[in-house]
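Engineer: This is data_27.txt, which holds compact mmCIF, C-alpha atoms and all ligand atoms:
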# COMPACT_ATOMS: atom_id res chain seq x y z
CA MET A 109 79.83 4.76 -0.57
CA THR A 110 79.10 2.24 -3.28
CA ASP A 111 81.35 -0.39 -1.67
CA SER A 112 79.07 -0.46 1.33
CA ALA A 113 78.61 -3.32 3.74
CA PRO A 114 75.14 -4.86 3.84
CA PRO A 115 73.01 -3.57 6.70
CA ARG A 116 72.46 -5.80 9.72
CA SER A 117 68.99 -7.26 9.97
CA ARG A 118 67.25 -6.52 13.27
CA GLU A 119 65.44 -9.86 13.22
CA THR A 120 68.60 -11.90 12.85
CA SER A 121 70.90 -9.80 14.96
CA LEU A 122 69.80 -11.21 18.29
CA ALA A 123 69.85 -14.85 19.25
CA ASP A 124 66.64 -16.79 18.55
CA GLY A 125 64.04 -16.34 21.24
CA SER A 126 65.66 -13.28 22.76
CA TYR A 127 64.23 -10.83 20.23
CA ILE A 128 60.47 -10.34 20.29
CA ARG A 129 58.68 -8.05 17.87
CA LYS A 130 55.19 -9.49 17.81
CA GLY A 131 54.18 -9.68 21.47
CA PHE A 132 53.69 -12.90 23.45
CA GLY A 133 50.15 -13.82 22.42
CA LEU A 134 48.86 -12.53 25.76
CA LYS A 135 46.62 -9.76 24.43
CA ALA A 136 43.47 -11.31 25.91
CA GLU A 137 45.14 -11.63 29.31
CA VAL A 138 46.09 -7.95 29.54
CA GLN A 139 43.03 -6.46 27.84
CA ASP A 140 41.02 -5.79 31.02
CA THR A 141 43.97 -4.07 32.70
CA LEU A 142 44.57 -1.90 29.63
CA ALA A 143 40.89 -0.98 29.48
CA ALA A 144 40.84 -0.08 33.18
CA ASP A 145 43.97 2.04 32.83
CA TYR A 146 43.16 3.92 29.63
CA THR A 147 39.55 3.86 28.37
CA GLY A 148 37.31 6.85 29.00
CA GLN A 149 33.53 6.86 29.36
CA LEU A 150 33.14 10.50 28.35
CA VAL A 151 35.14 9.97 25.19
CA ASP A 152 32.93 6.99 24.29
CA LEU A 153 29.93 9.24 24.87
CA LEU A 154 31.41 11.97 22.67
CA ARG A 155 31.97 9.46 19.90
CA SER A 156 28.41 8.19 20.14
CA ARG A 157 27.08 11.77 19.91
CA GLU A 158 28.94 12.86 16.80
CA TYR A 159 31.88 14.15 18.84
CA THR A 160 29.68 16.76 20.53
CA LEU A 161 28.48 17.28 24.09
CA VAL A 162 26.08 20.12 24.89
CA ALA A 163 24.97 21.26 28.34
CA GLY A 164 23.07 24.53 28.56
CA ASP A 165 25.05 27.09 26.57
CA THR A 166 28.28 25.07 26.74
CA THR A 167 29.23 23.06 23.66
CA LEU A 168 32.26 20.80 23.55
CA ARG A 169 33.52 19.46 20.22
CA LEU A 170 36.08 16.68 19.91
CA ALA A 171 38.19 16.28 16.76
CA LYS A 172 37.23 13.12 14.85
CA GLU A 173 40.73 11.65 15.04
CA PHE A 174 42.56 11.98 18.33
CA GLY A 175 44.49 10.14 21.01
CA PHE A 176 46.18 6.73 20.90
CA CYS A 177 47.46 5.77 17.44
CA TYR A 178 48.05 2.20 16.22
CA GLY A 179 51.75 2.38 17.09
CA VAL A 180 51.16 3.55 20.64
CA GLU A 181 48.40 1.00 21.27
CA ARG A 182 50.71 -1.75 20.13
CA ALA A 183 53.68 -0.51 22.20
CA VAL A 184 51.65 -0.19 25.39
CA ASP A 185 49.97 -3.57 24.81
CA TYR A 186 53.38 -5.26 24.34
CA ALA A 187 54.75 -3.60 27.48
CA TYR A 188 51.84 -4.99 29.51
CA GLN A 189 52.24 -8.41 27.88
CA THR A 190 55.95 -8.34 28.76
CA ARG A 191 55.16 -7.74 32.43
CA ARG A 192 52.67 -10.62 32.33
CA LYS A 193 55.14 -12.93 30.60
CA PHE A 194 58.04 -12.21 32.96
CA PRO A 195 56.55 -11.53 36.43
CA GLU A 196 59.82 -12.40 38.17
CA ARG A 197 62.36 -10.77 35.86
CA ARG A 198 63.67 -7.23 35.91
CA ILE A 199 62.17 -5.29 33.02
CA PHE A 200 63.86 -2.17 31.69
CA LEU A 201 62.61 0.40 29.23
CA ALA A 202 64.93 2.37 26.94
CA GLY A 203 63.65 5.87 27.75
CA GLU A 204 59.88 6.38 27.71
CA ILE A 205 57.57 3.91 25.94
CA ILE A 206 55.71 6.93 24.54
CA HIS A 207 55.61 10.57 25.62
CA ASN A 208 52.72 10.53 28.05
CA PRO A 209 53.18 11.06 31.79
CA HIS A 210 50.18 8.93 32.78
CA VAL A 211 51.22 5.91 30.70
CA ASN A 212 54.81 6.11 31.92
CA ALA A 213 53.63 6.38 35.55
CA LYS A 214 51.51 3.23 35.07
CA LEU A 215 54.53 1.31 33.78
CA LYS A 216 56.60 2.47 36.75
CA GLU A 217 53.84 1.21 39.08
CA MET A 218 54.19 -2.17 37.33
CA GLY A 219 57.87 -2.21 38.29
CA VAL A 220 59.30 -1.30 34.88
CA ILE A 221 62.65 0.46 35.30
CA PHE A 222 63.33 3.43 33.01
CA LEU A 223 66.88 3.58 31.67
CA ALA A 224 68.49 7.01 31.76
CA ALA A 225 69.87 8.72 28.67
CA SER A 226 73.63 8.48 28.27
CA GLY A 227 75.46 10.26 25.48
CA LYS A 228 73.63 9.48 22.25
CA GLY A 229 71.82 6.45 23.72
CA PHE A 230 70.83 4.92 27.05
CA ASP A 231 72.80 3.63 30.00
CA TYR A 232 72.65 -0.18 29.94
CA SER A 233 75.42 -0.65 32.52
CA GLY A 234 73.00 -2.14 35.08
CA VAL A 235 71.42 -4.61 32.62
CA VAL A 236 72.43 -8.31 32.75
CA PRO A 237 71.56 -11.18 30.33
CA ALA A 238 68.70 -12.40 32.54
CA ASP A 239 66.93 -9.03 32.19
CA VAL A 240 64.33 -7.89 29.69
CA VAL A 241 64.62 -4.58 27.83
CA ILE A 242 61.65 -2.99 26.06
CA LEU A 243 62.41 -0.72 23.11
CA PRO A 244 59.94 2.16 22.75
CA ALA A 245 57.63 2.98 19.83
CA PHE A 246 60.24 5.51 18.59
CA GLY A 247 62.91 2.80 18.32
CA VAL A 248 66.54 3.08 19.45
CA THR A 249 69.76 3.86 17.62
CA ILE A 250 71.74 1.12 15.90
CA GLN A 251 74.45 1.60 18.54
CA ASP A 252 71.93 0.88 21.32
CA PHE A 253 70.67 -2.13 19.41
CA GLN A 254 74.21 -3.44 19.07
CA THR A 255 74.83 -2.95 22.80
CA LEU A 256 71.74 -5.01 23.62
CA ARG A 257 72.79 -7.68 21.18
CA ASP A 258 76.16 -7.91 22.90
CA LEU A 259 74.49 -8.07 26.33
CA GLY A 260 72.33 -11.03 25.25
CA CYS A 261 69.26 -9.99 27.26
CA VAL A 262 65.67 -10.45 26.06
CA VAL A 263 64.65 -7.54 23.83
CA VAL A 264 60.99 -6.67 23.26
CA ASP A 265 60.99 -4.32 20.31
CA THR A 266 57.86 -2.13 20.04
CA THR A 267 59.28 0.16 17.32
CA CYS A 268 56.33 1.35 15.25
CA GLY A 269 56.10 0.07 11.67
CA SER A 270 55.78 3.65 10.43
CA VAL A 271 59.12 4.50 12.04
CA LEU A 272 60.68 1.42 10.42
CA ASN A 273 59.50 2.76 7.05
CA VAL A 274 61.43 5.99 7.62
CA TRP A 275 64.51 3.96 8.56
CA LYS A 276 64.27 2.04 5.29
CA ARG A 277 64.11 5.29 3.36
CA VAL A 278 67.14 6.73 5.17
CA GLU A 279 69.03 3.48 4.69
CA VAL A 280 68.44 3.63 0.92
CA TYR A 281 69.63 7.25 0.85
CA ALA A 282 72.83 6.26 2.66
CA ARG A 283 73.35 3.24 0.40
CA ASP A 284 73.06 5.45 -2.68
CA GLY A 285 75.41 8.12 -1.33
CA PHE A 286 72.73 10.69 -0.48
CA THR A 287 72.84 12.72 2.73
CA SER A 288 69.60 12.27 4.66
CA LEU A 289 68.10 15.64 5.41
CA ILE A 290 65.60 14.94 8.19
CA HIS A 291 62.86 17.37 9.13
CA GLY A 292 62.66 16.70 12.85
CA LYS A 293 64.08 17.50 16.27
CA TYR A 294 67.66 16.29 16.57
CA TYR A 295 67.20 15.46 20.26
CA HIS A 296 63.99 13.45 19.81
CA GLU A 297 64.42 9.69 20.33
CA GLU A 298 62.82 8.86 16.99
CA THR A 299 65.01 11.23 15.02
CA ARG A 300 68.15 10.04 16.83
CA ALA A 301 67.24 6.46 15.93
CA THR A 302 66.36 7.39 12.35
CA ALA A 303 69.55 9.40 11.84
CA SER A 304 71.67 6.52 13.17
CA GLN A 305 70.47 4.32 10.28
CA VAL A 306 72.89 6.14 7.93
CA GLU A 307 75.75 4.53 9.85
CA LYS A 308 74.86 1.16 8.33
CA TYR A 309 76.85 2.39 5.33
CA PRO A 310 80.40 3.73 5.52
CA GLY A 311 80.41 7.47 5.02
CA GLY A 312 76.62 7.79 5.52
CA GLN A 313 75.64 11.33 6.51
CA TYR A 314 72.62 13.10 7.97
CA LEU A 315 71.55 16.63 8.78
CA VAL A 316 68.46 17.44 10.87
CA VAL A 317 66.50 20.66 10.31
CA ARG A 318 63.83 21.64 12.76
CA ASP A 319 61.78 23.99 10.61
CA MET A 320 61.64 25.99 7.40
CA ASN A 321 64.00 28.62 8.78
CA GLU A 322 66.75 26.03 9.28
CA ALA A 323 65.95 24.44 5.91
CA GLU A 324 66.43 27.87 4.32
CA MET A 325 69.93 28.07 5.83
CA VAL A 326 70.72 24.83 4.02
CA MET A 327 69.26 26.13 0.74
CA GLU A 328 71.21 29.38 1.02
CA TYR A 329 74.41 27.44 1.58
CA ILE A 330 73.79 25.30 -1.50
CA GLU A 331 72.90 28.28 -3.68
CA ALA A 332 75.75 30.48 -2.46
CA ARG A 333 78.27 27.73 -3.30
CA ALA A 334 76.81 27.60 -6.81
CA GLY A 335 77.08 31.39 -7.11
CA THR A 336 73.28 31.89 -7.16
CA PRO A 337 72.14 35.09 -5.39
CA THR A 338 70.24 34.50 -2.12
CA LYS A 339 67.90 36.81 -0.21
CA ARG A 340 69.84 36.37 3.04
CA PRO A 341 73.61 35.94 3.12
CA ALA A 342 74.51 32.26 3.49
CA LEU A 343 76.28 31.07 6.63
CA SER A 344 80.03 30.56 6.36
CA ARG A 345 81.22 26.93 6.56
CA ASP A 346 82.30 27.43 10.19
CA ALA A 347 79.04 29.12 11.15
CA PHE A 348 77.08 26.34 9.42
CA LEU A 349 78.99 23.66 11.28
CA GLU A 350 78.47 25.47 14.57
CA LYS A 351 74.76 26.01 13.93
CA PHE A 352 74.15 22.31 13.16
CA ALA A 353 76.82 20.88 15.47
CA ARG A 354 74.35 18.70 17.36
CA ALA A 355 72.08 18.08 14.38
CA ALA A 356 74.54 16.54 11.91
CA SER A 357 76.54 13.31 11.60
CA ASP A 358 80.04 13.38 13.11
CA HIS A 359 81.95 13.97 9.89
CA PHE A 360 79.38 16.07 8.09
CA ASP A 361 80.93 18.75 5.89
CA PRO A 362 78.52 21.16 4.12
CA ASP A 363 81.03 21.62 1.28
CA LEU A 364 80.96 17.88 0.55
CA HIS A 365 77.69 16.48 1.83
CA LEU A 366 75.04 18.80 0.41
CA ASP A 367 75.72 17.58 -3.11
CA ARG A 368 73.18 14.75 -3.01
CA ILE A 369 70.25 15.11 -0.63
CA GLY A 370 67.35 12.83 0.30
CA VAL A 371 64.60 14.35 2.44
CA ALA A 372 62.75 12.39 5.14
CA ASN A 373 60.72 13.46 8.19
CA GLN A 374 60.28 12.55 11.80
CA THR A 375 56.83 10.92 11.61
CA THR A 376 55.16 13.41 13.93
CA MET A 377 56.11 16.78 12.47
CA LEU A 378 53.68 19.28 11.00
CA ALA A 379 52.94 17.58 7.66
CA ARG A 380 52.34 20.85 5.86
CA GLU A 381 55.78 22.16 6.86
CA SER A 382 57.52 18.89 5.96
CA LEU A 383 56.06 18.94 2.46
CA ALA A 384 56.98 22.62 2.02
CA ILE A 385 60.58 21.92 3.11
CA GLY A 386 60.92 19.04 0.65
CA ALA A 387 59.55 21.14 -2.21
CA ALA A 388 61.65 24.22 -1.36
CA LEU A 389 64.88 22.21 -1.14
CA GLY A 390 64.25 20.70 -4.54
CA GLU A 391 63.62 24.14 -6.02
CA ALA A 392 66.80 25.51 -4.44
CA MET A 393 68.79 22.63 -5.92
CA ALA A 394 67.30 23.36 -9.36
CA ARG A 395 68.04 27.10 -9.03
CA ALA A 396 71.63 26.31 -8.06
CA TYR A 397 72.49 23.65 -10.62
CA GLY A 398 69.56 23.21 -13.01
CA ALA A 399 66.66 20.77 -13.29
CA ALA A 400 68.73 17.90 -14.74
CA HIS A 401 71.15 18.02 -11.80
CA ARG A 402 68.25 18.14 -9.37
CA SER A 403 66.64 15.00 -10.77
CA GLU A 404 69.85 13.06 -10.12
CA HIS A 405 70.95 14.69 -6.89
CA PHE A 406 67.73 15.23 -5.00
CA ARG A 407 65.07 12.89 -3.61
CA THR A 408 62.21 13.52 -1.26
CA PHE A 409 59.76 11.21 0.40
CA ASP A 410 56.95 12.13 2.80
CA THR A 411 57.44 9.95 5.87
CA ILE A 412 54.85 11.60 8.11
CA CYS A 413 52.82 8.67 9.48
CA SER A 414 49.15 8.28 8.62
CA ALA A 415 48.09 8.61 12.27
CA THR A 416 49.79 12.00 12.54
CA GLN A 417 48.31 13.09 9.22
CA ASP A 418 44.80 11.97 10.25
CA ARG A 419 44.97 13.85 13.56
CA GLN A 420 46.20 17.02 11.86
CA ASP A 421 43.52 16.77 9.15
CA ALA A 422 40.80 16.26 11.78
CA VAL A 423 41.86 19.27 13.81
CA VAL A 424 41.97 21.45 10.68
CA GLU A 425 38.40 20.34 9.97
CA LEU A 426 37.35 21.19 13.53
CA LEU A 427 39.03 24.59 13.29
CA GLY A 428 36.72 25.35 10.37
CA GLU A 429 33.94 25.78 12.94
CA PRO A 430 33.51 28.78 15.22
CA LEU A 431 35.33 27.98 18.48
CA ASP A 432 36.13 30.18 21.47
CA LEU A 433 39.13 28.13 22.49
CA MET A 434 40.95 24.84 21.88
CA VAL A 435 42.39 22.47 24.43
CA VAL A 436 45.12 20.08 23.25
CA VAL A 437 45.98 17.26 25.67
CA GLY A 438 49.35 15.51 25.48
CA GLY A 439 52.85 15.32 26.95
CA TYR A 440 54.97 18.46 26.66
CA ASN A 441 57.68 16.37 24.98
CA SER A 442 55.18 14.75 22.61
CA SER A 443 56.10 15.97 19.14
CA ASN A 444 52.78 15.16 17.47
CA THR A 445 50.89 16.94 20.27
CA ILE A 446 53.09 20.02 19.81
CA SER A 447 52.31 19.96 16.06
CA LEU A 448 48.56 19.82 16.80
CA ALA A 449 48.82 22.72 19.26
CA ALA A 450 50.76 24.79 16.71
CA LEU A 451 48.03 24.23 14.09
CA CYS A 452 45.30 25.27 16.55
CA ALA A 453 47.15 28.35 17.79
CA GLU A 454 47.23 29.75 14.26
CA GLN A 455 43.47 30.16 14.42
CA VAL A 456 42.15 30.21 17.97
CA LEU A 457 43.17 30.71 21.58
CA THR A 458 44.87 27.39 22.41
CA PHE A 459 45.92 25.71 25.66
CA HIS A 460 48.28 22.73 25.41
CA ILE A 461 48.03 20.81 28.67
CA ALA A 462 50.04 17.70 29.57
CA ASP A 463 47.33 16.23 31.71
CA PRO A 464 43.87 17.14 33.06
CA ASP A 465 45.49 17.81 36.43
CA GLU A 466 46.74 21.06 34.87
CA ILE A 467 43.14 22.30 35.07
CA ASP A 468 42.22 23.63 38.52
CA VAL A 469 38.43 23.66 38.65
CA ALA A 470 38.12 25.46 42.00
CA HIS A 471 40.22 28.43 40.83
CA ASN A 472 39.31 28.29 37.11
CA SER A 473 43.01 28.26 36.28
CA VAL A 474 45.18 26.26 33.93
CA ARG A 475 48.88 25.47 33.61
CA TYR A 476 49.90 25.02 29.99
CA ARG A 477 52.81 24.92 27.59
CA LEU A 478 53.36 28.05 25.55
CA ILE A 479 53.24 27.45 21.82
CA GLY A 480 56.63 27.72 20.11
CA PRO A 481 60.05 26.12 19.83
CA HIS A 482 60.83 26.55 23.53
CA HIS A 483 59.74 24.63 26.58
CA ALA A 484 58.21 27.46 28.62
CA GLU A 485 55.09 26.90 30.65
CA SER A 486 52.62 29.42 31.94
CA GLU A 487 49.52 29.70 34.11
CA GLN A 488 46.31 31.54 33.47
CA THR A 489 43.33 32.23 35.67
CA SER A 490 39.77 32.82 34.40
CA TRP A 491 40.78 30.92 31.29
CA ILE A 492 37.23 29.62 30.77
CA PRO A 493 34.53 32.33 30.64
CA THR A 494 31.91 31.25 33.18
CA LEU A 495 29.03 33.21 31.64
CA GLY A 496 27.53 33.30 28.16
CA PRO A 497 27.60 30.78 25.31
CA LEU A 498 30.87 28.91 24.90
CA ARG A 499 32.19 26.51 22.27
CA VAL A 500 35.32 24.60 23.23
CA GLY A 501 37.24 22.34 20.87
CA ILE A 502 39.42 19.51 22.16
CA THR A 503 41.93 17.10 20.69
CA ALA A 504 44.80 14.99 21.95
CA GLY A 505 48.15 13.70 20.75
CA ALA A 506 48.76 10.11 19.68
CA SER A 507 50.09 9.17 23.11
CA THR A 508 47.19 10.49 25.21
CA PRO A 509 44.82 7.88 26.65
CA ASN A 510 41.06 8.38 26.42
CA ASN A 511 40.50 8.52 30.17
CA LYS A 512 42.80 11.58 30.38
CA ILE A 513 40.89 13.28 27.54
CA GLY A 514 37.64 12.49 29.35
CA GLU A 515 38.94 13.94 32.62
CA ALA A 516 39.87 17.18 30.84
CA VAL A 517 36.36 17.33 29.32
CA ALA A 518 34.81 16.77 32.76
CA ARG A 519 36.85 19.57 34.31
CA ILE A 520 35.91 22.02 31.56
CA PHE A 521 32.22 21.29 32.16
CA GLN A 522 32.69 21.60 35.92
CA ILE A 523 34.13 25.09 35.51
CA ARG A 524 30.97 25.92 33.55
CA GLY A 525 28.89 24.69 36.51
CA VAL A 526 27.86 21.42 34.83
CA ASP A 527 28.10 18.16 36.75
CA PRO A 528 29.74 15.78 34.21
CA THR A 529 27.78 12.81 35.57
CA THR A 530 24.60 14.44 34.23
CA LEU A 531 26.04 14.31 30.70
CA VAL A 532 25.87 10.54 30.47
S1 LIG B 1 52.65 8.64 15.91
FE1 LIG B 1 52.83 7.45 13.99
S2 LIG B 1 54.96 6.69 13.99
FE2 LIG B 1 54.51 7.36 16.08
S3 LIG B 1 53.82 5.48 17.12
FE3 LIG B 1 51.98 6.52 16.32
S4 LIG B 1 51.61 5.59 14.32
FE4 LIG B 1 53.70 5.10 14.90
Produce structure tokens that represent the structure in this file.
Structural biologist:
Amino acid sequence: MTDSAPPRSRETSLADGSYIRKGFGLKAEVQDTLAADYTGQLVDLLRSREYTLVAGDTTLRLAKEFGFCYGVERAVDYAYQTRRKFPERRIFLAGEIIHNPHVNAKLKEMGVIFLAASGKGFDYSGVVPADVVILPAFGVTIQDFQTLRDLGCVVVDTTCGSVLNVWKRVEVYARDGFTSLIHGKYYHEETRATASQVEKYPGGQYLVVRDMNEAEMVMEYIEARAGTPTKRPALSRDAFLEKFARAASDHFDPDLHLDRIGVANQTTMLARESLAIGAALGEAMARAYGAAHRSEHFRTFDTICSATQDRQDAVVELLGEPLDLMVVVGGYNSSNTISLAALCAEQVLTFHIADPDEIDVAHNSVRYRLIGPHHAESEQTSWIPTLGPLRVGITAGASTPNNKIGEAVARIFQIRGVDPTTLV
């Protein structure tokens, strides 16, 4: 892997003028529309009152960091600017701009066409050079990027800078002959795009682990090969390959490619778990081959983004207070929202709702996503006690707009018999 080809530069890989990464200078023109679509009066009120609203014996507390992050704000802004810049052209989006149903519905109303997933990327068969394609905040794989380059259409790249930082890390691992071990979800757009970066170097490899349990399988494999005793029997090579069939690079071989490992994370994972996985893998490497080997064959780098970290820190702070229940608002496929819900559920009754519409005020019922590594949903009636003092905590993932958080707050107060207009 030392005789590697230099990586392609994104900025120079598309013809001048057809690759836009910094918007069109139309921020002022789209600002009012963005504000109308996404700002929330109740959230502004919560902020002005130290993140607390009280009505009678109902107290609602909002985490101090919540909702739209810098990367999402930028991606949505650029998507609106793109529509303004090209009113007559067809505009496509590679997947979802971010994982929020309300935002994606707004883009569809603006005529943006969502490209369907196809294999490891998206189906660009209907796109012609006169079209515009927006890349989401998660980025796209290098194969998708190459396809767009070959098509010659206009590309508006909203990939978040924090995601680009992870790519750089993975690229360096691949350049130096390290397998990238990514703590993430192998099917998530961001992780697919991140993992693809290893292909910039011949022989580059990756392996995605979802959680500590999967990371332990990797550690056991490494230690068993070194003859170190493990608590659980390690998987056989075949069982390992089967287990990680969809989570590893095409030619990944655990007997060859766990020799040098570099750890990175999907930016939106539970930070605490990512750090623990990095530390545990390093320790396993040292147990297997000694500290000197570890220092040359193991690297780790925390690539959780600061927005994710800030939201997780803020919810941990909120959970330090007595709360009767937590509501977490965000798309069911939003990884950072799922991480927030998992943190809350460790300490208090938690309802992860995609949208305020999941709350039925008339019947005091809620539809919500069950916490855990599945995608099951459930419904509960009488989920808000209507009598007696109540303290509700609320937070929202990085892709949830303020107006949706505000609507959820309003519905919670309505169930408690409080007219939200009297809160203002
Ligand atoms: S969650 Fe982090 S990486 Fe993702 S768009 Fe927001 S700031 Fe960027």
Engineer: Report as an mmCIF file with C-alpha atoms, in the coordinates of the input all protein, DNA and RNA residues lying within 12 Å of segment 354-361 of chain A, evaluated on only C-alpha atoms, omitting residues in the same chain fewer than 6 positions from it.
Structural biologist:
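The new file result-v7.cif reads:
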data_model
loop_
_atom_site.group_PDB
_atom_site.id
_atom_site.type_symbol
_atom_site.label_atom_id
_atom_site.label_comp_id
_atom_site.auth_asym_id
_atom_site.auth_seq_id
_atom_site.Cartn_x
_atom_site.Cartn_y
_atom_site.Cartn_z
ATOM 1 C CA GLY A 227 75.460 10.260 25.480
ATOM 2 C CA LYS A 228 73.630 9.480 22.250
ATOM 3 C CA ALA A 282 72.830 6.260 2.660
ATOM 4 C CA THR A 287 72.840 12.720 2.730
ATOM 5 C CA SER A 288 69.600 12.270 4.660
ATOM 6 C CA LEU A 289 68.100 15.640 5.410
ATOM 7 C CA ILE A 290 65.600 14.940 8.190
ATOM 8 C CA HIS A 291 62.860 17.370 9.130
ATOM 9 C CA GLY A 292 62.660 16.700 12.850
ATOM 10 C CA LYS A 293 64.080 17.500 16.270
ATOM 11 C CA TYR A 294 67.660 16.290 16.570
ATOM 12 C CA TYR A 295 67.200 15.460 20.260
ATOM 13 C CA HIS A 296 63.990 13.450 19.810
ATOM 14 C CA THR A 299 65.010 11.230 15.020
ATOM 15 C CA ARG A 300 68.150 10.040 16.830
ATOM 16 C CA THR A 302 66.360 7.390 12.350
ATOM 17 C CA ALA A 303 69.550 9.400 11.840
ATOM 18 C CA SER A 304 71.670 6.520 13.170
ATOM 19 C CA GLN A 305 70.470 4.320 10.280
ATOM 20 C CA VAL A 306 72.890 6.140 7.930
ATOM 21 C CA GLU A 307 75.750 4.530 9.850
ATOM 22 C CA PRO A 310 80.400 3.730 5.520
ATOM 23 C CA GLY A 311 80.410 7.470 5.020
ATOM 24 C CA GLY A 312 76.620 7.790 5.520
ATOM 25 C CA GLN A 313 75.640 11.330 6.510
ATOM 26 C CA TYR A 314 72.620 13.100 7.970
ATOM 27 C CA LEU A 315 71.550 16.630 8.780
ATOM 28 C CA VAL A 316 68.460 17.440 10.870
ATOM 29 C CA VAL A 317 66.500 20.660 10.310
ATOM 30 C CA ARG A 318 63.830 21.640 12.760
ATOM 31 C CA GLU A 322 66.750 26.030 9.280
ATOM 32 C CA TYR A 329 74.410 27.440 1.580
ATOM 33 C CA SER A 344 80.030 30.560 6.360
ATOM 34 C CA ARG A 345 81.220 26.930 6.560
ATOM 35 C CA ASP A 346 82.300 27.430 10.190
ATOM 36 C CA ALA A 347 79.040 29.120 11.150
ATOM 37 C CA PHE A 348 77.080 26.340 9.420
ATOM 38 C CA ASP A 367 75.720 17.580 -3.110
#
Engineer: Check which residues fall inside 9 Å of ligand LIG 1 (chain B) when counting all atoms listed in the file, and print them as a ChimeraX atom specification.
Structural biologist: /A:176-183,206,244-246,267-272,298,374-376,412-417,443-444,505-507
Engineer: Separation of atom CA of Gly131 of chain A and atom CA of Lys216 of chain A, in Å?
Structural biologist: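 Taking atom CA of Gly131 of chain A as the start and atom CA of Lys216 of chain A as the end point, the length is 19.7 Å.
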Engineer: Which is closer to Val280 of chain A than all the others in A:Thr494, A:Asn208, A:Gln420, A:Thr408, using only C-alpha atoms?
Structural biologist: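 When distances to Val280 of chain A are compared using only C-alpha atoms, the smallest one comes from A:Thr408.
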Engineer: When you draw a straight line from atom CA of Met325 of chain A to atom CA of Ala394 of chain A, how long is it in Å?
Structural biologist: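 Going from atom CA of Met325 of chain A over to atom CA of Ala394 of chain A covers 16.1 Å.
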Engineer: Mind checking which residues fall within 7 Å of Ser447 of chain A, counting only C-alpha atoms, ignoring those fewer than 4 positions away in the same chain, and posting them as a list in words?
Structural biologist: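 In the requested form, the answer reads Met377, Leu378, Ser443 and Leu451 of chain A.
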Engineer: Show which residues sit within 12 Å of Lys512 of chain A, as a ChimeraX atom specification. Count all atoms listed in the file, and ignore same-chain residues fewer than 5 positions away.
Structural biologist: /A:145-151,175-176,208-211,436-439,461-467,502-505,507,517-519
Engineer: Using all atoms listed in the file, find the one residue out of A:Val469, A:Glu454, A:Ile513, A:His401 that sits nearest to Asp527 of chain A.
Structural biologist: A:Val469
Engineer: Since the input is missing atoms for segment 211-222 of chain A, could you rebuild it with N, CA and C atoms and give the result as an mmCIF file, in the coordinates of the input?
Structural biologist:
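Saved as result.cif:
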data_model
loop_
_atom_site.group_PDB
_atom_site.id
_atom_site.type_symbol
_atom_site.label_atom_id
_atom_site.label_comp_id
_atom_site.auth_asym_id
_atom_site.auth_seq_id
_atom_site.Cartn_x
_atom_site.Cartn_y
_atom_site.Cartn_z
ATOM 1 N N VAL A 211 50.847 7.254 31.145
ATOM 2 C CA VAL A 211 51.220 5.910 30.700
ATOM 3 C C VAL A 211 52.554 5.509 31.341
ATOM 4 N N ASN A 212 53.503 6.435 31.342
ATOM 5 C CA ASN A 212 54.810 6.110 31.920
ATOM 6 C C ASN A 212 54.700 5.853 33.429
ATOM 7 N N ALA A 213 53.824 6.604 34.105
ATOM 8 C CA ALA A 213 53.630 6.380 35.550
ATOM 9 C C ALA A 213 53.043 4.988 35.790
ATOM 10 N N LYS A 214 52.116 4.567 34.923
ATOM 11 C CA LYS A 214 51.510 3.230 35.070
ATOM 12 C C LYS A 214 52.576 2.137 34.938
ATOM 13 N N LEU A 215 53.481 2.322 33.976
ATOM 14 C CA LEU A 215 54.530 1.310 33.780
ATOM 15 C C LEU A 215 55.463 1.270 34.995
ATOM 16 N N LYS A 216 55.751 2.442 35.546
ATOM 17 C CA LYS A 216 56.600 2.470 36.750
ATOM 18 C C LYS A 216 55.909 1.731 37.890
ATOM 19 N N GLU A 217 54.600 1.928 38.029
ATOM 20 C CA GLU A 217 53.840 1.210 39.080
ATOM 21 C C GLU A 217 53.939 -0.298 38.892
ATOM 22 N N MET A 218 54.077 -0.731 37.624
ATOM 23 C CA MET A 218 54.190 -2.170 37.330
ATOM 24 C C MET A 218 55.620 -2.667 37.541
ATOM 25 N N GLY A 219 56.497 -1.790 38.002
ATOM 26 C CA GLY A 219 57.870 -2.210 38.290
ATOM 27 C C GLY A 219 58.821 -2.087 37.123
ATOM 28 N N VAL A 220 58.396 -1.475 36.026
ATOM 29 C CA VAL A 220 59.300 -1.300 34.880
ATOM 30 C C VAL A 220 60.311 -0.204 35.219
ATOM 31 N N ILE A 221 61.581 -0.488 34.950
ATOM 32 C CA ILE A 221 62.650 0.460 35.300
ATOM 33 C C ILE A 221 63.040 1.251 34.061
ATOM 34 N N PHE A 222 63.020 2.572 34.167
ATOM 35 C CA PHE A 222 63.330 3.430 33.010
ATOM 36 C C PHE A 222 64.822 3.688 32.954
#
